[in-house]
Each structure stands twice: as C-alpha cells, then as structure tokens.
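Everything below belongs to data.pdb, which stores PDB, C-alpha atoms.
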ATOM      1  CA  MET R  28     152.582   9.658 -21.680
ATOM      2  CA  VAL R  29     150.022   7.417 -23.302
ATOM      3  CA  GLU R  30     151.378   3.944 -23.944
ATOM      4  CA  PRO R  31     148.830   2.178 -26.114
ATOM      5  CA  GLY R  32     148.761  -1.423 -27.121
ATOM      6  CA  TYR R  33     147.198  -2.475 -30.388
ATOM      7  CA  PHE R  34     143.932  -0.677 -31.102
ATOM      8  CA  ARG R  35     141.457  -1.651 -33.787
ATOM      9  CA  THR R  36     142.091   1.164 -36.250
ATOM     10  CA  ASP R  37     143.145   1.449 -39.885
ATOM     11  CA  PHE R  38     146.777   1.875 -38.847
ATOM     12  CA  LEU R  39     147.768  -1.465 -40.390
ATOM     13  CA  ASP R  40     145.837  -0.849 -43.619
ATOM     14  CA  SER R  41     147.792  -0.268 -46.803
ATOM     15  CA  SER R  42     146.405   3.286 -46.732
ATOM     16  CA  SER R  43     148.568   4.120 -43.724
ATOM     17  CA  LEU R  44     151.136   1.321 -43.360
ATOM     18  CA  HIS R  45     153.898   1.644 -45.908
ATOM     19  CA  VAL R  46     156.833  -0.738 -45.796
ATOM     20  CA  SER R  47     160.128  -0.372 -47.539
ATOM     21  CA  GLU R  48     161.982  -3.091 -49.379
ATOM     22  CA  ARG R  49     162.748  -6.061 -47.173
ATOM     23  CA  ILE R  50     166.349  -6.596 -46.121
ATOM     24  CA  ALA R  51     167.155 -10.293 -45.705
ATOM     25  CA  ASP R  52     169.525  -9.703 -42.769
ATOM     26  CA  TYR R  53     166.626  -8.311 -40.732
ATOM     27  CA  GLU R  54     164.063 -11.010 -41.479
ATOM     28  CA  GLU R  55     164.767 -12.928 -38.242
ATOM     29  CA  THR R  56     164.743  -9.836 -36.015
ATOM     30  CA  ALA R  57     161.672  -8.694 -34.093
ATOM     31  CA  ALA R  58     161.173  -5.895 -36.625
ATOM     32  CA  GLY R  59     161.427  -8.320 -39.529
ATOM     33  CA  GLN R  60     158.985 -10.720 -37.949
ATOM     34  CA  MET R  61     156.561  -7.892 -37.220
ATOM     35  CA  ARG R  62     156.505  -6.992 -40.914
ATOM     36  CA  THR R  63     155.319 -10.501 -41.629
ATOM     37  CA  ILE R  64     152.658 -10.785 -38.943
ATOM     38  CA  ALA R  65     151.358  -7.182 -38.769
ATOM     39  CA  PRO R  66     148.943  -7.505 -41.696
ATOM     40  CA  GLY R  67     147.252 -10.416 -39.905
ATOM     41  CA  PHE R  68     146.536  -8.152 -36.920
ATOM     42  CA  ASN R  69     144.647  -5.665 -39.082
ATOM     43  CA  HIS R  70     141.189  -5.118 -37.588
ATOM     44  CA  GLN R  71     141.875  -7.914 -35.080
ATOM     45  CA  GLN R  72     143.568  -5.676 -32.497
ATOM     46  CA  PRO R  73     142.166  -6.073 -28.967
ATOM     47  CA  GLY R  74     141.894  -2.391 -28.057
ATOM     48  CA  ASP R  75     138.727  -0.388 -28.695
ATOM     49  CA  PRO R  76     139.773   3.113 -29.860
ATOM     50  CA  VAL R  77     136.534   4.727 -28.650
ATOM     51  CA  LYS R  78     137.032   3.332 -25.137
ATOM     52  CA  GLY R  79     140.742   4.272 -25.219
ATOM     53  CA  ALA R  80     139.954   7.860 -26.210
ATOM     54  CA  ALA R  81     137.352   8.082 -23.434
ATOM     55  CA  VAL R  82     139.920   6.942 -20.862
ATOM     56  CA  ILE R  83     142.367   9.610 -22.050
ATOM     57  CA  VAL R  84     139.707  12.346 -21.869
ATOM     58  CA  ASP R  85     138.631  11.161 -18.408
ATOM     59  CA  ALA R  86     142.239  11.194 -17.199
ATOM     60  CA  ILE R  87     142.725  14.743 -18.488
ATOM     61  CA  ASP R  88     139.393  15.995 -17.161
ATOM     62  CA  GLY R  89     139.997  14.294 -13.826
ATOM     63  CA  GLY R  90     143.207  16.232 -13.303
ATOM     64  CA  ALA R  91     145.110  13.140 -12.208
ATOM     65  CA  PHE R  92     146.855  12.120 -15.410
ATOM     66  CA  PRO R  93     149.451   9.461 -14.553
ATOM     67  CA  VAL R  94     153.024   9.660 -15.779
ATOM     68  CA  ARG R  95     152.237   6.630 -17.938
ATOM     69  CA  LEU R  96     148.736   5.752 -19.025
ATOM     70  CA  PHE R  97     148.721   2.153 -20.225
ATOM     71  CA  LEU R  98     145.886   1.392 -22.616
ATOM     72  CA  GLY R  99     144.773  -1.869 -24.144
ATOM     73  CA  PRO R 100     144.691  -5.348 -22.675
ATOM     74  CA  ASP R 101     147.882  -6.379 -24.470
ATOM     75  CA  THR R 102     149.936  -3.750 -22.629
ATOM     76  CA  ILE R 103     149.742  -5.765 -19.412
ATOM     77  CA  ASN R 104     151.916  -8.602 -20.734
ATOM     78  CA  VAL R 105     154.295  -6.316 -22.630
ATOM     79  CA  VAL R 106     154.919  -4.067 -19.623
ATOM     80  CA  THR R 107     155.180  -7.002 -17.215
ATOM     81  CA  GLU R 108     157.807  -8.650 -19.460
ATOM     82  CA  LYS R 109     159.780  -5.395 -19.617
ATOM     83  CA  ILE R 110     159.668  -5.010 -15.828
ATOM     84  CA  ASP R 111     160.899  -8.593 -15.436
ATOM     85  CA  GLN R 112     163.774  -7.921 -17.873
ATOM     86  CA  VAL R 113     164.804  -4.761 -16.019
ATOM     87  CA  ARG R 114     164.627  -6.547 -12.639
ATOM     88  CA  ALA R 115     166.854  -9.344 -13.946
ATOM     89  CA  GLU R 116     169.329  -6.858 -15.378
ATOM     90  CA  LEU R 117     169.378  -4.930 -12.109
ATOM     91  CA  ALA R 118     170.012  -8.133 -10.162
ATOM     92  CA  ARG R 119     172.931  -9.028 -12.465
ATOM     93  CA  GLN R 120     174.449  -5.583 -12.003
ATOM     94  CA  HIS R 121     173.699  -5.119  -8.302
ATOM     95  CA  ASP R 122     177.268  -5.576  -7.089
ATOM     96  CA  VAL R 123     178.669  -3.285  -9.757
ATOM     97  CA  ALA R 124     176.087  -0.621  -8.959
ATOM     98  CA  VAL R 125     176.764  -0.596  -5.220
ATOM     99  CA  SER R 126     180.530  -0.746  -5.769
ATOM    100  CA  THR R 127     180.414   2.880  -6.885
ATOM    101  CA  ASP R 128     179.101   4.081  -3.504
ATOM    102  CA  HIS R 129     181.391   6.688  -1.970
ATOM    103  CA  ALA R 130     181.428   4.764   1.321
ATOM    104  CA  ASN R 131     182.881   1.645  -0.344
TER     105      ASN R 131
END

In structure tokens, how does this file's structure come out?
Amino acid sequence: MVEPGYFRTDFLDSSSLHVSERIADYEETAAGQMRTIAPGFNHQQPGDPVKGAAVIVDAIDGGAFPVRLFLGPDTINVVTEKIDQVRAELARQHDVAVSTDHAN
C-alpha cells in the first residue's frame, strides 16, 4: 500500500478538484477546514512526484515492497501522530482488553 503525503501535482487545480456546495455544519470539521486551506497548498506541496514514482518503481523492482510505503516528508508527522493516538487509546483500554482473557 502506498501512503503518499502531499505531492506537487495538479490534483488541487480546478481541473481536477471539484467541490460541492458548502454545508455550514461541516465548516469547523477537519474536512471543512481542508476545503478552505487546500487551494493554498496547490503547487506548494512538499513531495516531488518524480522522486515518489522512482521510489515506488525501485520498491517493486527490488522485490521487497513493504506492506506500507510512506512517501513524502509530511507523512512522518501524520503517521507519528496516528501512532501516538493509537498508543493512547490502547493504554486507556488495556484493562478492558486483558479482562477478556480466558484465564481471567
């Protein structure tokens, strides 16, 4: 699975990014906020698509394609934050999880 960050492509151009009518109730959500800030990312994304494609080809040709191939410098923070959230959730649920052991 390729998990790319933001790559400098035309993806955020009006030629490919089409947005529906805004719904006020969603404006403060992450999705609503992204609609506002996404156009400012256009052609400012940190990832180089040529380098990203080369990494994918190298991974395939090398025969050692990982389960997840993280691409782009911005993926480091996003993935690290997600790992931290999952660790915290696991810690909160630890006692509940082990309470279902057959030996208990």

| request: May I have the residues within 10 Å of Arg95 of chain R as a list in words, using all atoms listed in the file and disregarding those fewer than 2 positions away in the same chain? | output: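 Result of the neighbour search: Met28, Val29, Glu30, Pro31, Phe92, Pro93, Phe97 and Leu98 of chain R.
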
| field | Which of R:Asp128, R:Thr36, R:Ser43, R:Val123 sits closest to Pro76 of chain R [using only C-alpha atoms] | value |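 So, comparing all the options, the nearest one is R:Thr36.
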
| note | Restricting to all atoms listed in the file, whichever of R:Ala124, R:Pro100, R:Val105, R:Ile110 is closest to Gln72 of chain R is R:Pro100

| said: What would the selection look like, as a PyMOL selection string, if the PyMOL selection byres ((chain R and resi 68) around 10) were run on the coordinates I just shared? | reply: chain R and resi 33-35+39-40+64-67+69-73

Store the residues of this selection in a file with C-alpha atoms, as a CSV table (one decimal), in the coordinates of the input.
chain,number,residue,atom,x,y,z
R,33,TYR,CA,147.2,-2.5,-30.4
R,34,PHE,CA,143.9,-0.7,-31.1
R,35,ARG,CA,141.5,-1.7,-33.8
R,39,LEU,CA,147.8,-1.5,-40.4
R,40,ASP,CA,145.8,-0.8,-43.6
R,64,ILE,CA,152.7,-10.8,-38.9
R,65,ALA,CA,151.4,-7.2,-38.8
R,66,PRO,CA,148.9,-7.5,-41.7
R,67,GLY,CA,147.3,-10.4,-39.9
R,69,ASN,CA,144.6,-5.7,-39.1
R,70,HIS,CA,141.2,-5.1,-37.6
R,71,GLN,CA,141.9,-7.9,-35.1
R,72,GLN,CA,143.6,-5.7,-32.5
R,73,PRO,CA,142.2,-6.1,-29.0

| message | Residues within 12 Å of Gly59 of chain R, please, as a ChimeraX atom specification. Count only C-alpha atoms; anything in the same chain fewer than 5 positions from it doesn't count. | response | /R:46-54,64-65

| field | Å distance separating atom CA of Gly99 of chain R from atom CA of Val82 of chain R, one decimal place | value |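 Distance reported for this atom pair: 10.6 Å.
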
| What is the atom CA of Thr102 of chain R-atom CA of Thr63 of chain R distance in Å, reported with one decimal? |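 Result for atom CA of Thr102 of chain R versus atom CA of Thr63 of chain R: 20.9 Å, one decimal.
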
| field | Length of the atom CA of Val77 of chain R to atom CA of Asn104 of chain R vector [Å] | value | 21.8 Å

| request: Would you mind telling me which residue in R:Phe38, R:Gly74, R:Gly32, R:Gln112 lies nearest to Leu96 of chain R when using all atoms listed in the file? | output: R:Gly32
